[in-house]
>>> print(open('work14.txt').read())   # compact mmCIF, C-alpha atoms and all ligand atoms
# COMPACT_ATOMS: atom_id res chain seq x y z
CA MET A 85 -14.62 6.61 2.96
CA GLN A 86 -12.54 3.74 1.73
CA ALA A 87 -10.85 1.51 4.34
CA ILE A 88 -7.29 0.24 4.04
CA CYS A 89 -7.34 -3.09 2.24
CA TYR A 90 -4.25 -5.30 2.00
CA ASP A 91 -6.12 -7.61 -0.39
CA LYS A 92 -5.74 -5.12 -3.21
CA VAL A 93 -1.93 -5.25 -3.09
CA TYR A 94 -0.18 -7.75 -5.34
CA VAL A 95 3.25 -8.73 -6.61
CA GLN A 96 3.87 -8.06 -10.30
CA SER A 97 6.64 -9.99 -12.01
CA ILE A 98 8.72 -8.17 -14.61
CA SER A 99 10.22 -10.17 -17.45
CA LEU A 100 13.71 -8.87 -17.98
CA ILE A 101 15.20 -8.64 -21.44
CA SER A 102 18.14 -6.46 -20.47
CA THR A 103 20.29 -9.14 -18.84
CA SER A 104 21.63 -12.57 -19.75
CA LYS A 105 21.94 -13.47 -16.08
CA ASN A 106 19.31 -15.35 -14.16
CA ILE A 107 17.82 -12.42 -12.26
CA THR A 108 14.23 -12.13 -11.07
CA LEU A 109 12.58 -8.73 -10.63
CA ASP A 110 9.20 -8.34 -8.94
CA VAL A 111 7.35 -5.15 -8.05
CA LEU A 112 5.25 -4.89 -4.88
CA ARG A 113 2.25 -2.88 -6.01
CA LEU A 114 1.54 -0.89 -2.85
CA ASP A 115 0.14 1.83 -5.12
CA LYS A 116 -2.99 -0.39 -5.12
CA LEU A 117 -3.41 -0.24 -1.32
CA HIS A 118 -5.74 2.76 -1.27
CA GLU A 119 -6.78 5.56 -3.60
CA VAL A 120 -5.65 8.35 -1.30
CA ILE A 121 -3.34 6.83 1.35
CA SER A 122 -1.31 5.16 -1.35
CA GLY A 123 1.92 3.28 -1.06
CA ASN A 124 4.10 3.56 1.97
CA LYS A 125 2.32 6.35 3.85
CA TRP A 126 -0.14 4.09 5.67
CA PHE A 127 2.64 1.79 6.87
CA LYS A 128 4.53 4.73 8.37
CA LEU A 129 1.42 6.17 10.04
CA GLN A 130 -0.27 3.10 11.46
CA LEU A 131 1.72 2.64 14.70
CA GLN A 132 1.91 6.39 15.30
CA ILE A 133 -1.89 6.60 15.10
CA LYS A 134 -2.10 3.74 17.57
CA ALA A 135 0.32 5.52 19.90
CA CYS A 136 -1.74 8.70 19.65
CA LYS A 137 -4.87 6.84 20.71
CA GLN A 138 -3.05 5.00 23.49
CA ALA A 139 -1.87 8.34 24.84
CA ASN A 140 -5.53 9.50 24.77
CA LYS A 141 -4.75 12.37 22.41
CA THR A 142 -7.46 13.48 20.02
CA THR A 143 -5.47 15.31 17.34
CA ILE A 144 -2.52 14.46 15.14
CA ALA A 145 -0.34 17.40 14.13
CA THR A 146 2.26 17.06 11.42
CA PHE A 147 4.32 19.01 8.86
CA GLY A 148 4.69 19.10 5.11
CA GLY A 149 5.18 21.04 1.92
CA ALA A 150 2.28 22.19 -0.25
CA TYR A 151 2.53 19.06 -2.43
CA SER A 152 3.08 16.55 0.37
CA ASN A 153 1.58 13.07 -0.04
CA HIS A 154 2.17 12.63 3.68
CA ILE A 155 -0.15 15.56 4.49
CA VAL A 156 -3.05 14.14 2.49
CA ALA A 157 -2.45 10.60 3.77
CA THR A 158 -2.43 11.86 7.37
CA ALA A 159 -5.64 13.83 6.85
CA TYR A 160 -7.39 10.79 5.39
CA ALA A 161 -6.05 8.32 7.96
CA CYS A 162 -7.12 10.59 10.83
CA LYS A 163 -10.62 10.95 9.44
CA LEU A 164 -10.81 7.17 9.02
CA GLU A 165 -9.62 6.66 12.62
CA GLY A 166 -11.84 9.32 14.18
CA LEU A 167 -9.02 11.72 15.02
CA GLN A 168 -8.66 15.42 14.31
CA SER A 169 -5.71 16.54 12.23
CA VAL A 170 -3.56 19.64 11.88
CA GLY A 171 -1.12 20.23 9.04
CA ILE A 172 1.63 22.79 9.41
CA ILE A 173 2.46 23.80 5.85
CA ARG A 174 5.70 25.34 4.56
CA GLY A 175 5.22 28.75 2.96
CA ASP A 176 2.60 31.50 2.99
CA GLU A 177 -1.03 30.66 2.43
CA PRO A 178 -1.62 30.71 -1.34
CA LYS A 179 -4.52 32.67 -2.82
CA GLN A 180 -5.57 29.60 -4.73
CA MET A 181 -4.94 26.34 -2.91
CA ASN A 182 -3.57 23.45 -4.95
CA HIS A 183 -5.19 20.03 -5.22
CA THR A 184 -3.17 18.53 -2.33
CA LEU A 185 -4.10 21.26 0.15
CA GLN A 186 -7.74 21.38 -0.94
CA GLN A 187 -7.99 17.64 -0.49
CA ALA A 188 -6.40 17.74 2.98
CA GLN A 189 -8.74 20.52 4.02
CA SER A 190 -11.83 18.79 2.69
CA LEU A 191 -10.83 15.75 4.79
CA GLY A 192 -11.07 17.97 7.84
CA MET A 193 -7.42 18.87 8.32
CA GLN A 194 -6.79 22.28 9.80
CA LEU A 195 -4.02 23.93 7.78
CA LEU A 196 -1.60 26.37 9.39
CA PHE A 197 0.81 28.16 7.06
CA VAL A 198 4.25 29.20 8.29
CA SER A 199 7.11 30.95 6.52
CA ARG A 200 9.94 28.90 5.06
CA SER A 201 12.34 30.12 7.71
CA ASP A 202 9.97 29.29 10.58
CA PHE A 203 9.30 25.90 8.98
CA SER A 204 12.95 24.99 9.20
CA ASN A 205 12.80 25.04 13.02
CA LYS A 206 10.37 22.25 13.90
CA GLU A 207 11.12 22.22 17.62
CA GLN A 208 10.25 25.90 17.83
CA LEU A 209 7.02 25.32 15.89
CA LYS A 210 6.03 22.42 18.14
CA GLN A 211 6.53 24.57 21.21
CA SER A 212 4.57 27.53 19.90
CA PHE A 213 1.61 25.55 18.51
CA HIS A 214 1.39 22.69 20.99
CA GLN A 215 -1.86 21.82 22.73
CA ASP A 216 -2.32 19.14 25.36
CA ASN A 217 -4.44 16.86 23.21
CA TRP A 218 -2.05 16.94 20.22
CA TYR A 219 0.20 14.07 19.15
CA TRP A 220 3.07 15.14 16.89
CA ILE A 221 4.22 13.24 13.83
CA ASN A 222 7.40 14.36 12.07
CA GLU A 223 7.52 15.51 8.46
CA GLY A 224 7.24 12.49 6.18
CA GLY A 225 6.33 10.25 9.14
CA TYR A 226 10.00 9.98 10.12
CA ALA A 227 10.13 8.06 13.43
CA ILE A 228 11.13 4.69 14.86
CA LEU A 229 7.43 3.80 15.08
CA GLY A 230 7.07 4.86 11.45
CA ALA A 231 9.83 2.48 10.41
CA GLU A 232 8.44 -0.32 12.58
CA GLY A 233 5.10 -0.02 10.78
CA VAL A 234 6.91 -0.54 7.48
CA THR A 235 8.07 -4.03 8.50
CA ASP A 236 4.50 -5.12 7.62
CA MET A 237 5.62 -5.01 3.97
CA TYR A 238 7.33 -8.37 4.56
CA HIS A 239 3.82 -9.80 4.47
CA TRP A 240 4.45 -9.94 0.68
CA ILE A 241 8.25 -10.42 0.65
CA ASP A 242 9.30 -13.95 1.49
CA LYS A 243 12.78 -15.23 2.31
CA SER A 244 13.49 -16.22 -1.30
CA TYR A 245 14.23 -12.57 -2.15
CA THR A 246 17.90 -11.60 -1.97
CA HIS A 247 17.35 -7.84 -2.44
CA VAL A 248 14.62 -5.33 -1.56
CA ALA A 249 14.78 -1.99 -3.41
CA CYS A 250 12.96 1.21 -2.51
CA ALA A 251 12.92 4.95 -3.15
CA THR A 252 14.01 7.24 -0.34
CA GLY A 253 12.77 10.61 0.88
CA THR A 254 13.20 10.74 4.66
CA GLY A 255 14.52 7.16 4.63
CA THR A 256 11.82 5.92 7.03
CA MET A 257 10.60 3.25 4.61
CA MET A 258 14.15 2.09 3.97
CA ALA A 259 14.84 1.90 7.72
CA GLY A 260 11.72 -0.25 8.15
CA LEU A 261 12.76 -2.54 5.31
CA ILE A 262 16.17 -2.95 6.97
CA LYS A 263 14.51 -3.76 10.31
CA GLY A 264 12.36 -6.46 8.75
CA ALA A 265 14.98 -7.99 6.44
CA ALA A 266 16.31 -11.50 6.97
CA PRO A 267 20.11 -11.61 7.45
CA HIS A 268 20.74 -12.58 3.80
CA GLN A 269 18.47 -9.85 2.36
CA GLN A 270 20.15 -6.66 1.19
CA VAL A 271 18.12 -3.44 1.15
CA ILE A 272 18.83 -0.96 -1.64
CA GLY A 273 17.74 2.67 -1.45
CA ILE A 274 17.57 5.02 -4.43
CA THR A 275 17.51 8.66 -3.36
CA ALA A 276 14.92 11.05 -4.79
CA LEU A 277 16.81 14.05 -3.40
CA LYS A 278 20.04 15.41 -4.83
CA GLY A 279 23.03 15.55 -2.50
CA HIS A 280 21.17 13.87 0.37
CA ASP A 281 24.43 13.09 2.16
CA SER A 282 22.86 12.88 5.62
CA LEU A 283 20.51 10.04 4.64
CA GLN A 284 22.71 7.22 5.92
CA GLU A 285 22.86 8.87 9.33
CA GLU A 286 19.13 9.66 9.38
CA ILE A 287 18.35 6.02 8.62
CA SER A 288 20.79 4.85 11.31
CA HIS A 289 18.94 6.96 13.91
CA LEU A 290 15.87 4.79 13.33
CA LEU A 291 17.81 1.53 13.73
CA THR A 292 19.26 -0.33 16.68
CA PRO A 293 23.08 -0.74 16.65
CA LYS A 294 22.58 -4.37 15.59
CA GLU A 295 20.28 -3.38 12.73
CA THR A 296 22.80 -0.86 11.40
CA GLU A 297 25.14 -3.80 10.76
CA LYS A 298 22.68 -5.42 8.35
CA PRO A 299 23.53 -5.08 4.66
CA PHE A 300 22.05 -1.96 3.09
CA THR A 301 23.26 0.32 0.32
CA ILE A 302 22.22 3.80 -0.82
CA PHE A 303 22.56 4.93 -4.45
CA ASN A 304 22.68 8.67 -5.07
CA ALA A 305 23.02 8.83 -8.85
CA TYR A 306 19.42 8.43 -10.03
CA HIS A 307 17.73 11.68 -8.93
CA PHE A 308 17.43 13.10 -12.50
CA GLY A 309 18.49 16.57 -11.42
CA GLY A 310 16.86 16.65 -7.99
CA TYR A 311 13.65 16.28 -6.03
CA ALA A 312 10.57 16.22 -8.32
CA LYS A 313 12.68 17.17 -11.36
CA HIS A 314 11.35 15.34 -14.38
CA PRO A 315 13.32 15.83 -17.60
CA LYS A 316 12.01 14.32 -20.81
CA THR A 317 14.32 11.31 -20.41
CA LEU A 318 12.43 10.45 -17.20
CA LEU A 319 9.00 10.85 -18.81
CA ASP A 320 10.17 8.67 -21.73
CA TRP A 321 11.29 6.04 -19.22
CA MET A 322 7.91 6.16 -17.46
CA ASN A 323 6.09 5.72 -20.77
CA TYR A 324 8.40 2.82 -21.64
CA LEU A 325 7.63 1.12 -18.31
CA TYR A 326 3.93 1.55 -18.85
CA ASN A 327 3.94 0.43 -22.48
CA THR A 328 6.13 -2.59 -21.77
CA TYR A 329 4.85 -3.76 -18.37
CA GLN A 330 1.56 -1.83 -17.82
CA LEU A 331 3.38 -0.41 -14.81
CA PRO A 332 2.45 3.19 -13.89
CA THR A 333 5.06 5.09 -11.86
CA ASP A 334 5.30 8.57 -10.32
CA ILE A 335 7.70 11.35 -11.29
CA VAL A 336 9.18 11.89 -7.82
CA TYR A 337 10.06 8.48 -6.45
CA THR A 338 9.12 5.21 -8.11
CA SER A 339 10.17 5.98 -11.71
CA LYS A 340 13.65 6.98 -10.53
CA MET A 341 13.89 3.97 -8.22
CA LEU A 342 13.06 1.57 -11.06
CA TYR A 343 15.44 3.37 -13.41
CA GLY A 344 18.14 2.78 -10.84
CA VAL A 345 17.25 -0.89 -10.38
CA PHE A 346 17.24 -1.54 -14.14
CA ASN A 347 20.53 0.34 -14.50
CA LEU A 348 22.12 -1.69 -11.70
CA ILE A 349 20.91 -4.91 -13.33
CA GLU A 350 22.38 -3.87 -16.70
CA SER A 351 25.67 -2.78 -15.18
CA GLY A 352 26.15 -6.19 -13.57
CA TYR A 353 25.64 -5.12 -9.95
CA PHE A 354 23.42 -8.10 -9.12
CA ALA A 355 24.91 -11.60 -9.04
CA ASP A 356 23.48 -14.48 -11.00
CA GLY A 357 20.48 -15.91 -9.15
CA SER A 358 19.50 -12.62 -7.49
CA LYS A 359 15.82 -12.17 -6.74
CA ILE A 360 14.81 -8.55 -6.32
CA MET A 361 11.62 -7.07 -4.86
CA ALA A 362 11.18 -3.42 -5.84
CA ILE A 363 8.66 -1.53 -3.70
CA HIS A 364 6.12 0.51 -5.66
CA SER A 365 5.45 3.00 -2.89
CA GLY A 366 2.60 4.82 -4.68
CA GLY A 367 2.59 8.57 -5.23
CA LEU A 368 0.80 8.39 -8.59
CA GLN A 369 -1.38 11.39 -7.75
CA GLY A 370 1.79 13.51 -8.03
CA ASN A 371 1.63 13.01 -11.81
CA LEU A 372 -1.46 15.22 -11.87
CA SER A 373 0.83 18.25 -11.72
CA LEU A 374 2.18 17.42 -15.23
CA PRO A 375 0.82 19.05 -18.39
CA LYS A 376 -1.86 16.91 -20.01
CA ASP A 377 -0.55 14.22 -22.39
CA SER A 378 2.97 14.13 -20.86
CA LEU A 379 2.37 10.48 -20.03
CA VAL A 380 0.62 7.68 -21.91
CA PHE A 381 -1.16 6.83 -18.64
CA ALA A 382 -2.69 9.14 -15.96
C1 LIG B 401 6.74 9.60 0.64
C2 LIG B 401 7.16 8.68 -0.44
C3 LIG B 401 8.43 8.04 -0.44
C4 LIG B 401 9.50 8.37 0.59
O1 LIG B 401 9.43 7.59 1.73
P1 LIG B 401 10.41 7.85 2.96
O2 LIG B 401 9.97 6.91 3.99
O3 LIG B 401 10.20 9.29 3.39
O4 LIG B 401 11.80 7.66 2.49
C5 LIG B 401 8.73 7.14 -1.44
N1 LIG B 401 7.83 6.89 -2.42
C6 LIG B 401 6.64 7.50 -2.48
C7 LIG B 401 5.75 7.22 -3.63
C8 LIG B 401 6.26 8.41 -1.50
O5 LIG B 401 5.07 9.03 -1.60
>>> encode(input="work14.txt", output="structure tokens")
Amino acid sequence: MQAICYDKVYVQSISLISTSKNITLDVLRLDKLHEVISGNKWFKLQLQIKACKQANKTTIATFGGAYSNHIVATAYACKLEGLQSVGIIRGDEPKQMNHTLQQAQSLGMQLLFVSRSDFSNKEQLKQSFHQDNWYWINEGGYAILGAEGVTDMYHWIDKSYTHVACATGTGTMMAGLIKGAAPHQQVIGITALKGHDSLQEEISHLLTPKETEKPFTIFNAYHFGGYAKHPKTLLDWMNYLYNTYQLPTDIVYTSKMLYGVFNLIESGYFADGSKIMAIHSGGLQGNLSLPKDSLVFA
């Protein structure tokens, strides 16, 4: 098994041709962190795994959909850390398991399938499945400890940056970036879900009252039709990013986030002298679900 290695992560600078202003854009290549636990998932899990061990529990139980990066990352991280893992999966057990579920299972995760309606009531599920030696992690790693683990990303983001941009699912990564930001650093979140109106509140739940006063902004207009939707305009954009900057992105999160950042730069949102760090949070394995030859990479 491959250990987590911060040395593989680097900052890629993007030379901008789309603006006459003096704006710097860098990309934090967390997709390089690990082949399986890519991007932000490790940061969200690390302190929760520690807490599990400190509580002398032997098993991590968590939730996810059939294509969840969080499920695979949890399975791998648990194996690496000598813990058992259980994944509660939304929907009936398929006859043929997809790549994500097969991978989780081969990493030793026990998969339990529950109906979509049962899946919507997590508290009920926790009560009915719970065992004494289980430590629960929310879907997507959503937790204060999850967000606190994300502050490690400032290892690569120094005070010279004025903005930090990220994609949002549960908002845990964004909450962590807000926690770790210096007072002058504004965090920008680009939503991957359509009509995710509760996000602001969900992020606030992970912050202290003081942290909620820090500058952060959510943009809802770059979801390309909704979660995991990938019209041709998005695939064209991904190919453009790769051809121009050798920057591979994923269809669910990072391509949409960078589209948003470029669009905000072009529309004059950022002041002269802005220095932006965009977080490449990984997820590239999600591109495997595309028909062959959709992308010039992958
Ligand atoms: C899971 C994931 C996200 C979403 O992170 P949240 O903390 O849930 O907002 C963003 N980008 C990638 C690539 C992911 O896999």
>>> closest_atom_pairs(input="work14.txt", of="chain A", to="ligand LIG 401 (chain B)", cutoff="8 Å", atoms="only C-alpha atoms and all ligand atoms", output="JSON lines")
{"residue": "A:Asp115", "atom": "CA", "partner": "B:LIG401", "partner_atom": "C7", "distance": 7.9}
{"residue": "A:Ser122", "atom": "CA", "partner": "B:LIG401", "partner_atom": "O5", "distance": 7.5}
{"residue": "A:Gly123", "atom": "CA", "partner": "B:LIG401", "partner_atom": "C7", "distance": 6.1}
{"residue": "A:Asn124", "atom": "CA", "partner": "B:LIG401", "partner_atom": "C8", "distance": 6.3}
{"residue": "A:Lys125", "atom": "CA", "partner": "B:LIG401", "partner_atom": "C1", "distance": 6.4}
{"residue": "A:Lys128", "atom": "CA", "partner": "B:LIG401", "partner_atom": "O2", "distance": 7.3}
{"residue": "A:Ser152", "atom": "CA", "partner": "B:LIG401", "partner_atom": "C1", "distance": 7.9}
{"residue": "A:Asn153", "atom": "CA", "partner": "B:LIG401", "partner_atom": "O5", "distance": 5.6}
{"residue": "A:His154", "atom": "CA", "partner": "B:LIG401", "partner_atom": "C1", "distance": 6.3}
{"residue": "A:Gly224", "atom": "CA", "partner": "B:LIG401", "partner_atom": "O3", "distance": 5.2}
{"residue": "A:Gly225", "atom": "CA", "partner": "B:LIG401", "partner_atom": "O3", "distance": 7.0}
{"residue": "A:Tyr226", "atom": "CA", "partner": "B:LIG401", "partner_atom": "O3", "distance": 6.8}
{"residue": "A:Ala231", "atom": "CA", "partner": "B:LIG401", "partner_atom": "O2", "distance": 7.8}
{"residue": "A:Cys250", "atom": "CA", "partner": "B:LIG401", "partner_atom": "C5", "distance": 7.4}
{"residue": "A:Ala251", "atom": "CA", "partner": "B:LIG401", "partner_atom": "C5", "distance": 5.0}
{"residue": "A:Thr252", "atom": "CA", "partner": "B:LIG401", "partner_atom": "O4", "distance": 3.6}
{"residue": "A:Gly253", "atom": "CA", "partner": "B:LIG401", "partner_atom": "O4", "distance": 3.5}
{"residue": "A:Thr254", "atom": "CA", "partner": "B:LIG401", "partner_atom": "O3", "distance": 3.6}
{"residue": "A:Gly255", "atom": "CA", "partner": "B:LIG401", "partner_atom": "O4", "distance": 3.5}
{"residue": "A:Thr256", "atom": "CA", "partner": "B:LIG401", "partner_atom": "O2", "distance": 3.7}
{"residue": "A:Met257", "atom": "CA", "partner": "B:LIG401", "partner_atom": "O2", "distance": 3.8}
{"residue": "A:Met258", "atom": "CA", "partner": "B:LIG401", "partner_atom": "O4", "distance": 6.2}
{"residue": "A:Ala259", "atom": "CA", "partner": "B:LIG401", "partner_atom": "O2", "distance": 7.9}
{"residue": "A:Asp334", "atom": "CA", "partner": "B:LIG401", "partner_atom": "C7", "distance": 6.8}
{"residue": "A:Val336", "atom": "CA", "partner": "B:LIG401", "partner_atom": "C7", "distance": 7.2}
{"residue": "A:Tyr337", "atom": "CA", "partner": "B:LIG401", "partner_atom": "N1", "distance": 4.9}
{"residue": "A:Thr338", "atom": "CA", "partner": "B:LIG401", "partner_atom": "C7", "distance": 6.0}
{"residue": "A:His364", "atom": "CA", "partner": "B:LIG401", "partner_atom": "C7", "distance": 7.0}
{"residue": "A:Ser365", "atom": "CA", "partner": "B:LIG401", "partner_atom": "C7", "distance": 4.3}
{"residue": "A:Gly366", "atom": "CA", "partner": "B:LIG401", "partner_atom": "C7", "distance": 4.1}
{"residue": "A:Gly367", "atom": "CA", "partner": "B:LIG401", "partner_atom": "C7", "distance": 3.8}
{"residue": "A:Leu368", "atom": "CA", "partner": "B:LIG401", "partner_atom": "C7", "distance": 7.1}
>>> closest_residue(input="work14.txt", among="A:Val198, A:Ala249, A:Leu229, A:Met193", to="A:Ile144", atoms="all atoms listed in the file")
A:Met193
>>> residues_around(input="work14.txt", residues="A:His307", least_positions_apart="5", cutoff="8 Å", atoms="only C-alpha atoms", output="list in words")
Thr275, Ala276, Leu277, Lys278, Lys313 and Lys340 of chain A
>>> write_last_selection(input="work14.txt", atoms="C-alpha atoms", output="PDB file, in the frame of the given file")
ATOM      1  CA  THR A 275      17.510   8.660  -3.360  1.00  0.00           C
ATOM      2  CA  ALA A 276      14.920  11.050  -4.790  1.00  0.00           C
ATOM      3  CA  LEU A 277      16.810  14.050  -3.400  1.00  0.00           C
ATOM      4  CA  LYS A 278      20.040  15.410  -4.830  1.00  0.00           C
ATOM      5  CA  LYS A 313      12.680  17.170 -11.360  1.00  0.00           C
ATOM      6  CA  LYS A 340      13.650   6.980 -10.530  1.00  0.00           C
TER       7      LYS A 340
END
>>> axis_aligned_box(input="work14.txt", around="stretch 115-133 of chain A", padding_each_side="3 Å", output="AutoDock Vina command-line options")
--center_x -1.1 --center_y 4.0 --center_z 5.1 --size_x 17.3 --size_y 14.7 --size_z 26.4
>>> residues_near_point(input="work14.txt", point="(1.7, 21.3, 11.3)", cutoff="6 Å", atoms="only C-alpha atoms", output="PDB file with C-alpha atoms, in the frame of the given file")
ATOM      1  CA  ALA A 145      -0.340  17.400  14.130  1.00  0.00           C
ATOM      2  CA  THR A 146       2.260  17.060  11.420  1.00  0.00           C
ATOM      3  CA  PHE A 147       4.320  19.010   8.860  1.00  0.00           C
ATOM      4  CA  VAL A 170      -3.560  19.640  11.880  1.00  0.00           C
ATOM      5  CA  GLY A 171      -1.120  20.230   9.040  1.00  0.00           C
ATOM      6  CA  ILE A 172       1.630  22.790   9.410  1.00  0.00           C
TER       7      ILE A 172
END
>>> residues_around(input="work14.txt", residues="A:His268", least_positions_apart="5", cutoff="12 Å", atoms="all atoms listed in the file", output="PDB file with C-alpha atoms, in the coordinates of the input")
ATOM      1  CA  ASP A 242       9.300 -13.950   1.490  1.00  0.00           C
ATOM      2  CA  LYS A 243      12.780 -15.230   2.310  1.00  0.00           C
ATOM      3  CA  SER A 244      13.490 -16.220  -1.300  1.00  0.00           C
ATOM      4  CA  TYR A 245      14.230 -12.570  -2.150  1.00  0.00           C
ATOM      5  CA  THR A 246      17.900 -11.600  -1.970  1.00  0.00           C
ATOM      6  CA  HIS A 247      17.350  -7.840  -2.440  1.00  0.00           C
ATOM      7  CA  VAL A 248      14.620  -5.330  -1.560  1.00  0.00           C
ATOM      8  CA  ILE A 262      16.170  -2.950   6.970  1.00  0.00           C
ATOM      9  CA  LYS A 298      22.680  -5.420   8.350  1.00  0.00           C
ATOM     10  CA  PRO A 299      23.530  -5.080   4.660  1.00  0.00           C
ATOM     11  CA  PHE A 300      22.050  -1.960   3.090  1.00  0.00           C
ATOM     12  CA  SER A 358      19.500 -12.620  -7.490  1.00  0.00           C
ATOM     13  CA  LYS A 359      15.820 -12.170  -6.740  1.00  0.00           C
TER      14      LYS A 359
END
>>> closest_residue(input="work14.txt", among="A:Ile228, A:Trp321, A:Pro178, A:Ile221", to="A:Ser288", atoms="only C-alpha atoms")
A:Ile228
>>> atom_distance(input="work14.txt", atom1="atom CA of A:Tyr353", atom2="atom CA of A:Pro267")
19.4 Å
>>> decode(input="work14.txt", residues="stretch 252-271 of chain A", atoms="N, CA and C atoms", output="mmCIF file, in the first residue's frame")
data_model
loop_
_atom_site.group_PDB
_atom_site.id
_atom_site.type_symbol
_atom_site.label_atom_id
_atom_site.label_comp_id
_atom_site.auth_asym_id
_atom_site.auth_seq_id
_atom_site.Cartn_x
_atom_site.Cartn_y
_atom_site.Cartn_z
ATOM 1 N N THR A 252 -17.114 22.912 -3.856
ATOM 2 C CA THR A 252 -17.831 22.489 -2.658
ATOM 3 C C THR A 252 -18.824 21.364 -2.939
ATOM 4 N N GLY A 253 -18.788 20.366 -2.050
ATOM 5 C CA GLY A 253 -19.821 19.334 -2.000
ATOM 6 C C GLY A 253 -20.546 19.540 -0.682
ATOM 7 N N THR A 254 -20.021 18.917 0.385
ATOM 8 C CA THR A 254 -20.594 19.151 1.717
ATOM 9 C C THR A 254 -20.177 20.508 2.296
ATOM 10 N N GLY A 255 -19.109 21.099 1.757
ATOM 11 C CA GLY A 255 -18.611 22.372 2.281
ATOM 12 C C GLY A 255 -17.580 22.210 3.391
ATOM 13 N N THR A 256 -17.203 20.966 3.697
ATOM 14 C CA THR A 256 -16.236 20.728 4.778
ATOM 15 C C THR A 256 -14.870 21.320 4.429
ATOM 16 N N MET A 257 -14.441 21.103 3.186
ATOM 17 C CA MET A 257 -13.150 21.667 2.767
ATOM 18 C C MET A 257 -13.192 23.187 2.855
ATOM 19 N N MET A 258 -14.275 23.777 2.370
ATOM 20 C CA MET A 258 -14.369 25.234 2.404
ATOM 21 C C MET A 258 -14.334 25.745 3.849
ATOM 22 N N ALA A 259 -15.048 25.066 4.741
ATOM 23 C CA ALA A 259 -15.043 25.464 6.150
ATOM 24 C C ALA A 259 -13.623 25.417 6.710
ATOM 25 N N GLY A 260 -12.876 24.384 6.358
ATOM 26 C CA GLY A 260 -11.496 24.268 6.835
ATOM 27 C C GLY A 260 -10.617 25.379 6.280
ATOM 28 N N LEU A 261 -10.838 25.719 5.013
ATOM 29 C CA LEU A 261 -10.048 26.801 4.411
ATOM 30 C C LEU A 261 -10.369 28.133 5.082
ATOM 31 N N ILE A 262 -11.626 28.321 5.470
ATOM 32 C CA ILE A 262 -12.010 29.546 6.196
ATOM 33 C C ILE A 262 -11.328 29.565 7.566
ATOM 34 N N LYS A 263 -11.359 28.423 8.260
ATOM 35 C CA LYS A 263 -10.712 28.342 9.582
ATOM 36 C C LYS A 263 -9.249 28.747 9.520
ATOM 37 N N GLY A 264 -8.559 28.265 8.476
ATOM 38 C CA GLY A 264 -7.114 28.473 8.405
ATOM 39 C C GLY A 264 -6.699 29.786 7.767
ATOM 40 N N ALA A 265 -7.648 30.520 7.190
ATOM 41 C CA ALA A 265 -7.293 31.729 6.428
ATOM 42 C C ALA A 265 -6.805 32.837 7.345
ATOM 43 N N ALA A 266 -5.841 33.616 6.843
ATOM 44 C CA ALA A 266 -5.443 34.850 7.526
ATOM 45 C C ALA A 266 -6.559 35.871 7.318
ATOM 46 N N PRO A 267 -6.621 36.904 8.180
ATOM 47 C CA PRO A 267 -7.751 37.850 8.111
ATOM 48 C C PRO A 267 -7.943 38.490 6.737
ATOM 49 N N HIS A 268 -6.851 38.681 5.981
ATOM 50 C CA HIS A 268 -6.994 39.355 4.674
ATOM 51 C C HIS A 268 -7.295 38.371 3.543
ATOM 52 N N GLN A 269 -7.361 37.068 3.833
ATOM 53 C CA GLN A 269 -7.562 36.073 2.769
ATOM 54 C C GLN A 269 -9.031 35.710 2.631
ATOM 55 N N GLN A 270 -9.552 35.875 1.407
ATOM 56 C CA GLN A 270 -10.959 35.589 1.157
ATOM 57 C C GLN A 270 -11.091 34.192 0.550
ATOM 58 N N VAL A 271 -11.992 33.388 1.089
ATOM 59 C CA VAL A 271 -12.211 32.038 0.570
ATOM 60 C C VAL A 271 -13.427 32.048 -0.359
#
